[in-house]
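Raw input02.cif, mmCIF, C-alpha atoms:
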```cif
data_upload
loop_
_atom_site.label_atom_id
_atom_site.label_comp_id
_atom_site.auth_asym_id
_atom_site.auth_seq_id
_atom_site.Cartn_x
_atom_site.Cartn_y
_atom_site.Cartn_z
CA MET A 168 7.43 28.24 26.29
CA ASP A 169 10.89 28.01 27.82
CA ALA A 170 13.70 27.74 25.25
CA GLU A 171 15.92 26.17 27.90
CA LEU A 172 13.57 23.24 28.47
CA VAL A 173 14.09 21.50 25.13
CA ILE A 174 13.00 17.85 24.97
CA ARG A 175 16.11 15.79 24.23
CA SER A 176 15.11 12.29 25.30
CA ARG A 177 13.21 9.71 23.24
CA GLN A 178 11.79 8.48 26.54
CA ASN A 179 9.91 11.73 27.10
CA SER A 180 6.24 10.98 27.83
CA LEU A 181 4.98 13.48 25.23
CA LEU A 182 7.07 11.91 22.48
CA LYS A 183 5.85 8.46 23.48
CA ARG A 184 2.27 9.70 23.35
CA ALA A 185 2.84 11.28 19.94
CA SER A 186 4.32 8.04 18.62
CA ALA A 187 1.37 6.02 19.91
CA ALA A 188 -1.12 8.48 18.44
CA GLY A 189 0.64 8.33 15.07
CA ALA A 190 0.40 4.54 15.13
CA GLY A 191 -3.35 4.74 15.76
CA LYS A 192 -3.09 3.23 19.24
CA LEU A 193 -4.85 6.08 21.06
CA ASP A 194 -8.51 6.55 20.16
CA ASP A 195 -8.81 9.65 22.34
CA CYS A 196 -5.73 11.41 20.97
CA LEU A 197 -5.48 13.23 17.66
CA LEU A 198 -2.10 13.74 15.95
CA LEU A 199 -1.79 16.86 13.79
CA GLU A 200 1.40 17.32 11.77
CA GLY A 201 2.42 20.62 10.24
CA GLU A 202 1.58 24.23 11.00
CA ARG A 203 -1.33 24.38 8.53
CA LEU A 204 -3.15 21.42 10.08
CA ILE A 205 -2.49 22.72 13.57
CA ARG A 206 -3.96 26.09 12.64
CA ASP A 207 -6.97 24.37 11.05
CA ALA A 208 -7.54 22.60 14.36
CA PHE A 209 -7.25 25.93 16.19
CA SER A 210 -9.87 27.56 13.98
CA CYS A 211 -12.23 24.57 14.26
CA GLY A 212 -12.16 24.59 18.03
CA VAL A 213 -10.29 21.31 18.50
CA GLU A 214 -8.89 21.09 22.02
CA LEU A 215 -5.09 20.88 21.80
CA GLU A 216 -3.11 19.24 24.60
CA VAL A 217 0.33 20.38 23.50
CA VAL A 218 2.22 21.54 20.41
CA LEU A 219 5.70 20.13 19.82
CA VAL A 220 8.00 22.25 17.65
CA ALA A 221 11.56 21.62 16.50
CA GLU A 222 13.93 23.94 18.34
CA ASP A 223 15.25 25.29 15.03
CA ARG A 224 11.75 26.52 14.09
CA MET A 225 11.37 29.30 16.61
CA ASP A 226 9.27 31.26 14.11
CA ILE A 227 6.53 28.64 14.27
CA ALA A 228 6.94 28.14 18.00
CA GLY A 229 6.65 31.85 18.75
CA SER A 230 3.65 32.34 16.48
CA LEU A 231 1.66 29.43 17.94
CA ALA A 232 2.60 30.33 21.51
CA SER A 233 1.37 33.90 20.95
CA GLU A 234 -2.03 32.45 20.02
CA GLY A 235 -2.30 30.60 23.31
CA ALA A 236 -0.91 27.17 22.44
CA ASP A 237 1.10 25.21 25.00
CA VAL A 238 4.31 24.89 22.97
CA ARG A 239 7.25 22.65 23.84
CA LEU A 240 10.52 22.69 21.92
CA VAL A 241 12.00 19.39 20.76
CA GLU A 242 15.35 18.35 19.34
CA PRO A 243 14.68 18.12 15.55
CA GLY A 244 15.97 14.56 15.21
CA LEU A 245 13.62 13.33 17.92
CA LEU A 246 10.62 15.03 16.30
CA GLN A 247 11.50 13.25 13.06
CA GLN A 248 11.53 9.92 14.87
CA VAL A 249 7.92 10.26 16.02
CA SER A 250 6.67 11.79 12.77
CA THR A 251 4.50 9.71 10.46
CA LEU A 252 6.04 11.50 7.47
CA ASN A 253 9.31 10.85 5.66
CA SER A 254 10.33 14.41 6.44
CA SER A 255 8.93 16.09 9.54
CA PRO A 256 7.36 19.53 8.91
CA GLY A 257 8.92 20.69 12.18
CA SER A 258 5.77 20.82 14.25
CA LEU A 259 3.04 18.52 15.50
CA ALA A 260 0.24 18.76 18.00
CA LEU A 261 -1.66 16.36 20.19
CA GLY A 262 -5.36 17.08 20.42
CA VAL A 263 -8.49 15.56 21.86
CA THR A 264 -10.26 13.39 19.27
CA PRO A 265 -13.75 14.79 18.60
CA THR A 266 -16.65 12.48 19.43
CA LEU A 267 -18.75 11.29 16.49
CA GLU A 268 -22.37 11.82 17.49
CA SER A 269 -25.38 10.41 15.63
CA VAL A 270 -26.55 12.45 12.65
CA ALA A 271 -29.86 12.66 14.48
CA GLU A 272 -28.21 15.47 16.47
CA CYS A 273 -27.79 17.75 13.43
CA SER A 274 -30.18 20.56 12.47
CA PRO A 275 -30.36 20.49 8.65
CA GLY A 276 -31.36 23.27 6.33
CA VAL A 277 -33.95 22.88 3.59
CA ASP A 278 -31.37 22.19 0.86
CA ASP A 279 -28.64 20.31 2.74
CA LEU A 280 -26.48 17.62 1.18
CA VAL A 281 -25.07 14.94 3.49
CA LEU A 282 -22.46 12.38 2.49
CA VAL A 283 -22.72 8.95 4.14
CA ILE A 284 -19.46 7.03 3.84
CA GLY A 285 -19.77 3.25 4.15
CA PRO A 286 -17.01 0.69 4.71
CA VAL A 287 -14.21 2.66 3.00
CA SER A 288 -11.10 1.02 4.41
CA ASP A 289 -8.31 2.94 2.70
CA PRO A 290 -7.42 6.11 4.65
CA GLY A 291 -6.39 7.85 1.43
CA ASN A 292 -9.81 7.25 -0.11
CA MET A 293 -11.53 8.36 3.08
CA GLY A 294 -9.48 11.58 3.14
CA ALA A 295 -10.14 12.25 -0.54
CA LEU A 296 -13.89 11.77 -0.05
CA LEU A 297 -13.96 14.25 2.82
CA ARG A 298 -11.91 16.75 0.82
CA SER A 299 -14.28 16.44 -2.13
CA ALA A 300 -17.26 16.66 0.22
CA GLU A 301 -16.13 20.03 1.53
CA ALA A 302 -15.35 21.31 -1.96
CA ALA A 303 -18.77 20.16 -3.21
CA GLY A 304 -20.58 22.04 -0.46
CA VAL A 305 -21.88 19.28 1.80
CA SER A 306 -23.39 20.26 5.13
CA ALA A 307 -22.08 17.19 6.95
CA ALA A 308 -20.62 13.72 6.48
CA VAL A 309 -21.41 10.49 8.30
CA CYS A 310 -18.56 8.00 8.71
CA LEU A 311 -20.25 4.66 9.29
CA ALA A 312 -18.75 2.15 11.69
CA GLY A 313 -16.49 -0.42 10.04
CA GLY A 314 -14.53 1.92 7.78
CA ALA A 315 -11.33 3.91 8.26
CA ARG A 316 -11.41 6.22 11.25
CA PRO A 317 -11.64 9.83 10.05
CA TYR A 318 -9.21 11.34 12.56
CA THR A 319 -6.15 9.19 11.85
CA PRO A 320 -3.04 10.95 10.47
CA LYS A 321 -3.38 9.47 6.96
CA VAL A 322 -7.01 10.52 6.65
CA MET A 323 -6.21 13.97 8.00
CA ARG A 324 -3.44 14.44 5.45
CA GLY A 325 -5.55 13.07 2.60
CA SER A 326 -8.40 15.42 3.47
CA MET A 327 -6.10 18.47 3.68
CA GLY A 328 -7.91 19.51 6.85
CA SER A 329 -11.44 18.86 5.57
CA ALA A 330 -11.85 16.17 8.23
CA LEU A 331 -11.69 19.02 10.75
CA ARG A 332 -13.80 21.56 8.88
CA VAL A 333 -16.69 19.35 7.72
CA PRO A 334 -19.12 18.45 10.54
CA LEU A 335 -18.66 14.70 11.04
CA PHE A 336 -21.08 12.19 12.52
CA GLY A 337 -20.89 8.46 13.14
CA GLY A 338 -23.03 5.41 13.87
CA GLY A 339 -24.35 2.29 12.20
CA ALA A 340 -26.10 2.04 8.83
CA GLN A 341 -29.60 1.32 10.12
CA GLN A 342 -29.38 4.01 12.80
CA THR A 343 -28.17 6.56 10.26
CA TYR A 344 -30.80 5.63 7.67
CA ALA A 345 -33.60 5.98 10.22
CA ALA A 346 -32.28 9.30 11.52
CA LEU A 347 -31.95 10.80 8.05
CA ARG A 348 -35.44 9.62 7.10
CA GLU A 349 -36.80 11.23 10.27
CA LEU A 350 -35.05 14.48 9.30
CA GLY A 351 -36.73 14.44 5.89
CA PHE A 352 -33.79 13.48 3.67
CA LYS A 353 -34.20 11.83 0.31
CA GLN A 354 -31.59 9.07 0.30
CA ALA A 355 -29.62 7.83 -2.70
CA LYS A 356 -26.64 5.53 -3.12
CA ALA A 357 -23.80 5.31 -5.60
CA ALA A 358 -24.29 2.34 -7.93
CA THR A 359 -21.68 1.05 -10.35
CA ARG A 360 -24.39 0.45 -12.95
CA GLY A 361 -28.14 0.37 -13.36
CA GLY A 362 -28.96 3.53 -11.43
CA ALA A 363 -30.38 6.85 -12.53
CA ASP A 364 -27.89 8.91 -14.52
CA SER A 365 -26.14 11.31 -12.16
CA SER A 366 -26.40 14.15 -14.70
CA SER A 367 -30.20 14.05 -14.66
CA TYR A 368 -30.98 12.82 -11.13
CA ASP A 369 -33.03 15.22 -9.00
CA PHE A 370 -30.68 16.31 -6.21
CA SER A 371 -32.93 19.13 -5.00
CA GLY A 372 -33.96 19.47 -1.36
CA ARG A 373 -32.43 17.55 1.52
CA VAL A 374 -30.37 14.73 0.04
CA ALA A 375 -28.19 12.07 1.66
CA LEU A 376 -25.74 10.39 -0.72
CA TRP A 377 -24.45 7.00 0.43
CA ILE A 378 -21.11 5.64 -0.79
CA GLY A 379 -20.05 2.00 -0.33
CA GLY A 380 -16.54 0.72 0.24
CA GLU A 381 -13.79 -0.23 -2.19
CA THR A 382 -14.79 -3.91 -2.25
CA GLU A 383 -17.53 -4.13 0.37
CA ASP A 384 -20.91 -2.71 -0.57
CA LEU A 385 -23.49 -1.20 1.75
CA PRO A 386 -25.56 -3.61 3.88
CA GLU A 387 -28.47 -5.37 2.15
CA GLU A 388 -30.87 -3.33 4.26
CA MET A 389 -29.79 -0.31 2.21
CA ASP A 390 -31.08 -1.83 -1.07
CA ALA A 391 -34.11 0.45 -0.79
CA LEU A 392 -31.93 3.51 -1.44
CA GLU A 393 -32.32 5.10 -4.86
CA PRO A 394 -29.32 4.05 -7.02
CA VAL A 395 -27.44 6.77 -8.93
CA THR A 396 -24.77 5.95 -11.50
CA VAL A 397 -21.94 7.89 -13.12
CA THR A 398 -22.05 7.02 -16.82
CA THR A 399 -18.62 6.01 -18.14
CA ALA A 400 -17.20 5.38 -21.60
CA GLY A 401 -15.09 2.54 -22.92
CA ALA A 402 -14.50 -0.78 -21.20
CA VAL A 403 -14.02 0.69 -17.72
CA GLU A 404 -15.85 -1.54 -15.26
CA SER A 405 -15.92 0.83 -12.30
CA LEU A 406 -14.40 3.96 -10.83
CA ASN A 407 -12.29 4.41 -7.74
CA VAL A 408 -14.64 5.05 -4.81
CA ALA A 409 -13.18 8.50 -4.13
CA VAL A 410 -13.47 9.52 -7.80
CA ALA A 411 -17.05 8.25 -8.08
CA GLY A 412 -17.97 9.99 -4.85
CA ALA A 413 -16.51 13.29 -6.05
CA LEU A 414 -18.36 13.17 -9.36
CA LEU A 415 -21.67 12.43 -7.66
CA LEU A 416 -21.17 15.12 -5.02
CA PHE A 417 -20.49 17.77 -7.65
CA ALA A 418 -23.43 16.55 -9.72
CA ALA A 419 -25.60 17.51 -6.75
CA GLY A 420 -24.71 21.15 -7.45
CA ARG A 421 -24.23 22.42 -3.91
CA ASN A 422 -20.84 23.86 -4.86
CA GLN A 423 -22.68 26.45 -6.96
CA ARG A 424 -23.78 28.21 -3.78
CA ALA A 425 -20.20 28.48 -2.44
CA ASP A 426 -19.90 32.18 -3.25
CA GLY A 427 -23.01 32.88 -1.23
#
```
What does this structure look like when you write it as structure tokens?
Amino acid sequence: MDAELVIRSRQNSLLKRASAAGAGKLDDCLLLEGERLIRDAFSCGVELEVVLVAEDRMDIAGSLASEGADVRLVEPGLLQQVSTLNSSPGSLALGVTPTLESVAECSPGVDDLVLVIGPVSDPGNMGALLRSAEAAGVSAAVCLAGGARPYTPKVMRGSMGSALRVPLFGGGAQQTYAALRELGFKQAKAATRGGADSSSYDFSGRVALWIGGETEDLPEEMDALEPVTVTTAGAVESLNVAVAGALLLFAAGRNQRADG
């Protein structure tokens, strides 16, 4: 890191790349904003291309550089221009987007809980689901094709880093269903009504919980999944997908082993 080589042009190639990544135009590039998220990426083994830090935040720049990051200083106003936030946290990193392999590649334990996220289109809901998944003790999550991409800035912020810490897989619905069946998972799906009560459903053993989208349900081929319902009071017709997902995940009880 050379304090004399501060980026002061909006035409700088790194700033252009950061702007494109923030707009979701680069599938292979991951934008991480803020020191906490950057450190989460470090600890999770995400390959970082470069870290851009405002020149008035030498504390952050020095700390990250001492840990081996390739740090470049940037004029604060320019960093704000490429930030996806109303107020830039003073640092951002460009990383290599992890590849989403098929869940067939995982090696599950005897009591693993896997969350399968269907066509959830809102990045905030996707992030909240991944955050709840980590808190509830899932072993992995599958982000099916057709929903929000899990490594976009909005999902990353909504997940508070869980999108980096929870092992993520991808693929289509049929492929995922077949792979989980081959791995010995009992498979259930969230149902607005008519399913087994979540408080009494048997979540023991290897379980895969499928969640549909906000308005688009899972494919018809998934009708064979066991429906599980969160019982509600009053005239409420349905719950937000992220809320329903969180309640079902915690009903599975894997969070009770967190201290172990």
If you apply the PyMOL selection byres ((chain A and resi 238) around 9) to this file, what residues do you get, as a ChimeraX atom specification? /A:168-169,217-220,228-229,231-232,235-237,239-240,260
May I ask which of the residues A:Leu376, A:Val173, A:Leu415, A:Ile284 is the closest one to Met225 in chain A, counting only C-alpha atoms? A:Val173
Could you give me, as a VMD selection string, the residues within 12 Å of range 250-255 of chain A, counting all atoms listed in the file and dropping anything in the same chain fewer than 2 positions from it? chain A and resid 182 to 191 198 to 202 219 to 221 224 242 to 248 257 to 260 319 to 321 323 to 324
Separating CA of Arg206 in chain A from CA of Val241 in chain A, to the nearest tenth of an Å, is a gap of 19.1 Å
Determine, using all atoms listed in the file, which residues of range 171-261 of chain A have any atom at most 12 Å from an atom of range 328-333 of chain A, and tabulate each with its shortest atom pair and distance in Å to one decimal place, rows ordered by chain and then rising number, as CSV.
```
residue,atom,partner,partner_atom,distance
A:Leu197,CA,A:Leu331,CA,10.9
A:Leu199,CA,A:Gly328,CA,9.6
A:Glu200,CA,A:Gly328,CA,10.8
A:Gly201,CA,A:Gly328,CA,10.9
A:Glu202,CA,A:Gly328,CA,11.4
A:Arg203,CA,A:Gly328,CA,8.4
A:Leu204,CA,A:Gly328,CA,6.1
A:Ile205,CA,A:Gly328,CA,9.2
A:Arg206,CA,A:Gly328,CA,9.6
A:Asp207,CA,A:Gly328,CA,6.5
A:Ala208,CA,A:Leu331,CA,6.6
A:Phe209,CA,A:Leu331,CA,9.9
A:Ser210,CA,A:Arg332,CA,8.8
A:Cys211,CA,A:Arg332,CA,6.4
A:Gly212,CA,A:Leu331,CA,9.2
A:Val213,CA,A:Leu331,CA,8.2
A:Glu214,CA,A:Leu331,CA,11.8
```
Atomic distance CA of Val277 in chain A - CA of Ser365 in chain A, expressed in Å with one decimal: 21.0 Å
Run the PyMOL selection byres ((chain A and resi 262) around 6) mentally over the shown coordinates, then write out the matched residues as a ChimeraX atom specification, using the chain letters and numbers from the document. /A:196-197,214-216,261,263
Around the point (-33.1, 5.6, -7.1) in the file's coordinates, collect all residues with an atom within 8 Å, using all atoms listed in the file, and return them as JSON, numbers by chain. {"A": [355, 356, 362, 363, 392, 393, 394, 395]}
Please complete range 319-352 of chain A so it has N, CA and C atoms, and hand it over as a PDB file, in the frame of the given file.
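The result, written out as selection34.pdb:
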```
ATOM      1  N   THR A 319      -7.511   9.727  11.865  1.00  0.00           N
ATOM      2  CA  THR A 319      -6.150   9.190  11.850  1.00  0.00           C
ATOM      3  C   THR A 319      -5.261  10.094  11.001  1.00  0.00           C
ATOM      4  N   PRO A 320      -3.937  10.052  11.221  1.00  0.00           N
ATOM      5  CA  PRO A 320      -3.040  10.950  10.470  1.00  0.00           C
ATOM      6  C   PRO A 320      -3.158  10.842   8.952  1.00  0.00           C
ATOM      7  N   LYS A 321      -3.300   9.627   8.419  1.00  0.00           N
ATOM      8  CA  LYS A 321      -3.380   9.470   6.960  1.00  0.00           C
ATOM      9  C   LYS A 321      -4.659  10.076   6.398  1.00  0.00           C
ATOM     10  N   VAL A 322      -5.767   9.915   7.104  1.00  0.00           N
ATOM     11  CA  VAL A 322      -7.010  10.520   6.650  1.00  0.00           C
ATOM     12  C   VAL A 322      -6.925  12.042   6.740  1.00  0.00           C
ATOM     13  N   MET A 323      -6.347  12.529   7.825  1.00  0.00           N
ATOM     14  CA  MET A 323      -6.210  13.970   8.000  1.00  0.00           C
ATOM     15  C   MET A 323      -5.394  14.587   6.870  1.00  0.00           C
ATOM     16  N   ARG A 324      -4.281  13.916   6.535  1.00  0.00           N
ATOM     17  CA  ARG A 324      -3.440  14.440   5.450  1.00  0.00           C
ATOM     18  C   ARG A 324      -4.167  14.363   4.119  1.00  0.00           C
ATOM     19  N   GLY A 325      -4.841  13.235   3.870  1.00  0.00           N
ATOM     20  CA  GLY A 325      -5.550  13.070   2.600  1.00  0.00           C
ATOM     21  C   GLY A 325      -6.686  14.068   2.434  1.00  0.00           C
ATOM     22  N   SER A 326      -7.281  14.475   3.542  1.00  0.00           N
ATOM     23  CA  SER A 326      -8.400  15.420   3.470  1.00  0.00           C
ATOM     24  C   SER A 326      -7.937  16.865   3.425  1.00  0.00           C
ATOM     25  N   MET A 327      -6.650  17.104   3.652  1.00  0.00           N
ATOM     26  CA  MET A 327      -6.100  18.470   3.680  1.00  0.00           C
ATOM     27  C   MET A 327      -6.856  19.352   4.675  1.00  0.00           C
ATOM     28  N   GLY A 328      -7.231  18.752   5.810  1.00  0.00           N
ATOM     29  CA  GLY A 328      -7.910  19.510   6.850  1.00  0.00           C
ATOM     30  C   GLY A 328      -9.429  19.461   6.785  1.00  0.00           C
ATOM     31  N   SER A 329      -9.985  18.923   5.699  1.00  0.00           N
ATOM     32  CA  SER A 329     -11.440  18.860   5.570  1.00  0.00           C
ATOM     33  C   SER A 329     -12.076  18.011   6.672  1.00  0.00           C
ATOM     34  N   ALA A 330     -11.336  17.007   7.154  1.00  0.00           N
ATOM     35  CA  ALA A 330     -11.850  16.170   8.230  1.00  0.00           C
ATOM     36  C   ALA A 330     -12.116  16.976   9.494  1.00  0.00           C
ATOM     37  N   LEU A 331     -11.462  18.133   9.621  1.00  0.00           N
ATOM     38  CA  LEU A 331     -11.690  19.020  10.750  1.00  0.00           C
ATOM     39  C   LEU A 331     -12.787  20.037  10.466  1.00  0.00           C
ATOM     40  N   ARG A 332     -12.867  20.468   9.220  1.00  0.00           N
ATOM     41  CA  ARG A 332     -13.800  21.560   8.880  1.00  0.00           C
ATOM     42  C   ARG A 332     -15.208  21.088   8.572  1.00  0.00           C
ATOM     43  N   VAL A 333     -15.352  19.882   8.027  1.00  0.00           N
ATOM     44  CA  VAL A 333     -16.690  19.350   7.720  1.00  0.00           C
ATOM     45  C   VAL A 333     -17.274  18.738   8.993  1.00  0.00           C
ATOM     46  N   PRO A 334     -18.488  19.097   9.377  1.00  0.00           N
ATOM     47  CA  PRO A 334     -19.120  18.450  10.540  1.00  0.00           C
ATOM     48  C   PRO A 334     -19.248  16.942  10.305  1.00  0.00           C
ATOM     49  N   LEU A 335     -18.667  16.153  11.201  1.00  0.00           N
ATOM     50  CA  LEU A 335     -18.660  14.700  11.040  1.00  0.00           C
ATOM     51  C   LEU A 335     -19.559  14.043  12.086  1.00  0.00           C
ATOM     52  N   PHE A 336     -20.249  12.994  11.650  1.00  0.00           N
ATOM     53  CA  PHE A 336     -21.080  12.190  12.520  1.00  0.00           C
ATOM     54  C   PHE A 336     -20.706  10.728  12.347  1.00  0.00           C
ATOM     55  N   GLY A 337     -21.199   9.881  13.223  1.00  0.00           N
ATOM     56  CA  GLY A 337     -20.890   8.460  13.140  1.00  0.00           C
ATOM     57  C   GLY A 337     -22.131   7.625  13.407  1.00  0.00           C
ATOM     58  N   GLY A 338     -21.914   6.310  13.571  1.00  0.00           N
ATOM     59  CA  GLY A 338     -23.030   5.410  13.870  1.00  0.00           C
ATOM     60  C   GLY A 338     -23.125   4.270  12.879  1.00  0.00           C
ATOM     61  N   GLY A 339     -24.111   3.421  13.083  1.00  0.00           N
ATOM     62  CA  GLY A 339     -24.350   2.290  12.200  1.00  0.00           C
ATOM     63  C   GLY A 339     -25.251   2.657  11.044  1.00  0.00           C
ATOM     64  N   ALA A 340     -25.325   1.761  10.047  1.00  0.00           N
ATOM     65  CA  ALA A 340     -26.100   2.040   8.830  1.00  0.00           C
ATOM     66  C   ALA A 340     -27.588   2.201   9.118  1.00  0.00           C
ATOM     67  N   GLN A 341     -28.164   1.265   9.846  1.00  0.00           N
ATOM     68  CA  GLN A 341     -29.600   1.320  10.120  1.00  0.00           C
ATOM     69  C   GLN A 341     -29.961   2.556  10.932  1.00  0.00           C
ATOM     70  N   GLN A 342     -29.149   2.837  11.947  1.00  0.00           N
ATOM     71  CA  GLN A 342     -29.380   4.010  12.800  1.00  0.00           C
ATOM     72  C   GLN A 342     -29.329   5.281  11.967  1.00  0.00           C
ATOM     73  N   THR A 343     -28.344   5.370  11.084  1.00  0.00           N
ATOM     74  CA  THR A 343     -28.170   6.560  10.260  1.00  0.00           C
ATOM     75  C   THR A 343     -29.315   6.713   9.265  1.00  0.00           C
ATOM     76  N   TYR A 344     -29.692   5.604   8.637  1.00  0.00           N
ATOM     77  CA  TYR A 344     -30.800   5.630   7.670  1.00  0.00           C
ATOM     78  C   TYR A 344     -32.082   6.137   8.334  1.00  0.00           C
ATOM     79  N   ALA A 345     -32.387   5.596   9.512  1.00  0.00           N
ATOM     80  CA  ALA A 345     -33.600   5.980  10.220  1.00  0.00           C
ATOM     81  C   ALA A 345     -33.567   7.456  10.627  1.00  0.00           C
ATOM     82  N   ALA A 346     -32.406   7.917  11.092  1.00  0.00           N
ATOM     83  CA  ALA A 346     -32.280   9.300  11.520  1.00  0.00           C
ATOM     84  C   ALA A 346     -32.452  10.266  10.357  1.00  0.00           C
ATOM     85  N   LEU A 347     -31.830   9.941   9.218  1.00  0.00           N
ATOM     86  CA  LEU A 347     -31.950  10.800   8.050  1.00  0.00           C
ATOM     87  C   LEU A 347     -33.377  10.819   7.510  1.00  0.00           C
ATOM     88  N   ARG A 348     -34.033   9.684   7.539  1.00  0.00           N
ATOM     89  CA  ARG A 348     -35.440   9.620   7.100  1.00  0.00           C
ATOM     90  C   ARG A 348     -36.309  10.495   8.006  1.00  0.00           C
ATOM     91  N   GLU A 349     -36.044  10.417   9.312  1.00  0.00           N
ATOM     92  CA  GLU A 349     -36.800  11.230  10.270  1.00  0.00           C
ATOM     93  C   GLU A 349     -36.571  12.716  10.030  1.00  0.00           C
ATOM     94  N   LEU A 350     -35.387  13.071   9.564  1.00  0.00           N
ATOM     95  CA  LEU A 350     -35.050  14.480   9.300  1.00  0.00           C
ATOM     96  C   LEU A 350     -35.525  14.943   7.928  1.00  0.00           C
ATOM     97  N   GLY A 351     -36.151  14.049   7.172  1.00  0.00           N
ATOM     98  CA  GLY A 351     -36.730  14.440   5.890  1.00  0.00           C
ATOM     99  C   GLY A 351     -35.786  14.404   4.705  1.00  0.00           C
ATOM    100  N   PHE A 352     -34.732  13.589   4.773  1.00  0.00           N
ATOM    101  CA  PHE A 352     -33.790  13.480   3.670  1.00  0.00           C
ATOM    102  C   PHE A 352     -34.246  12.451   2.636  1.00  0.00           C
TER     103      PHE A 352
END
```
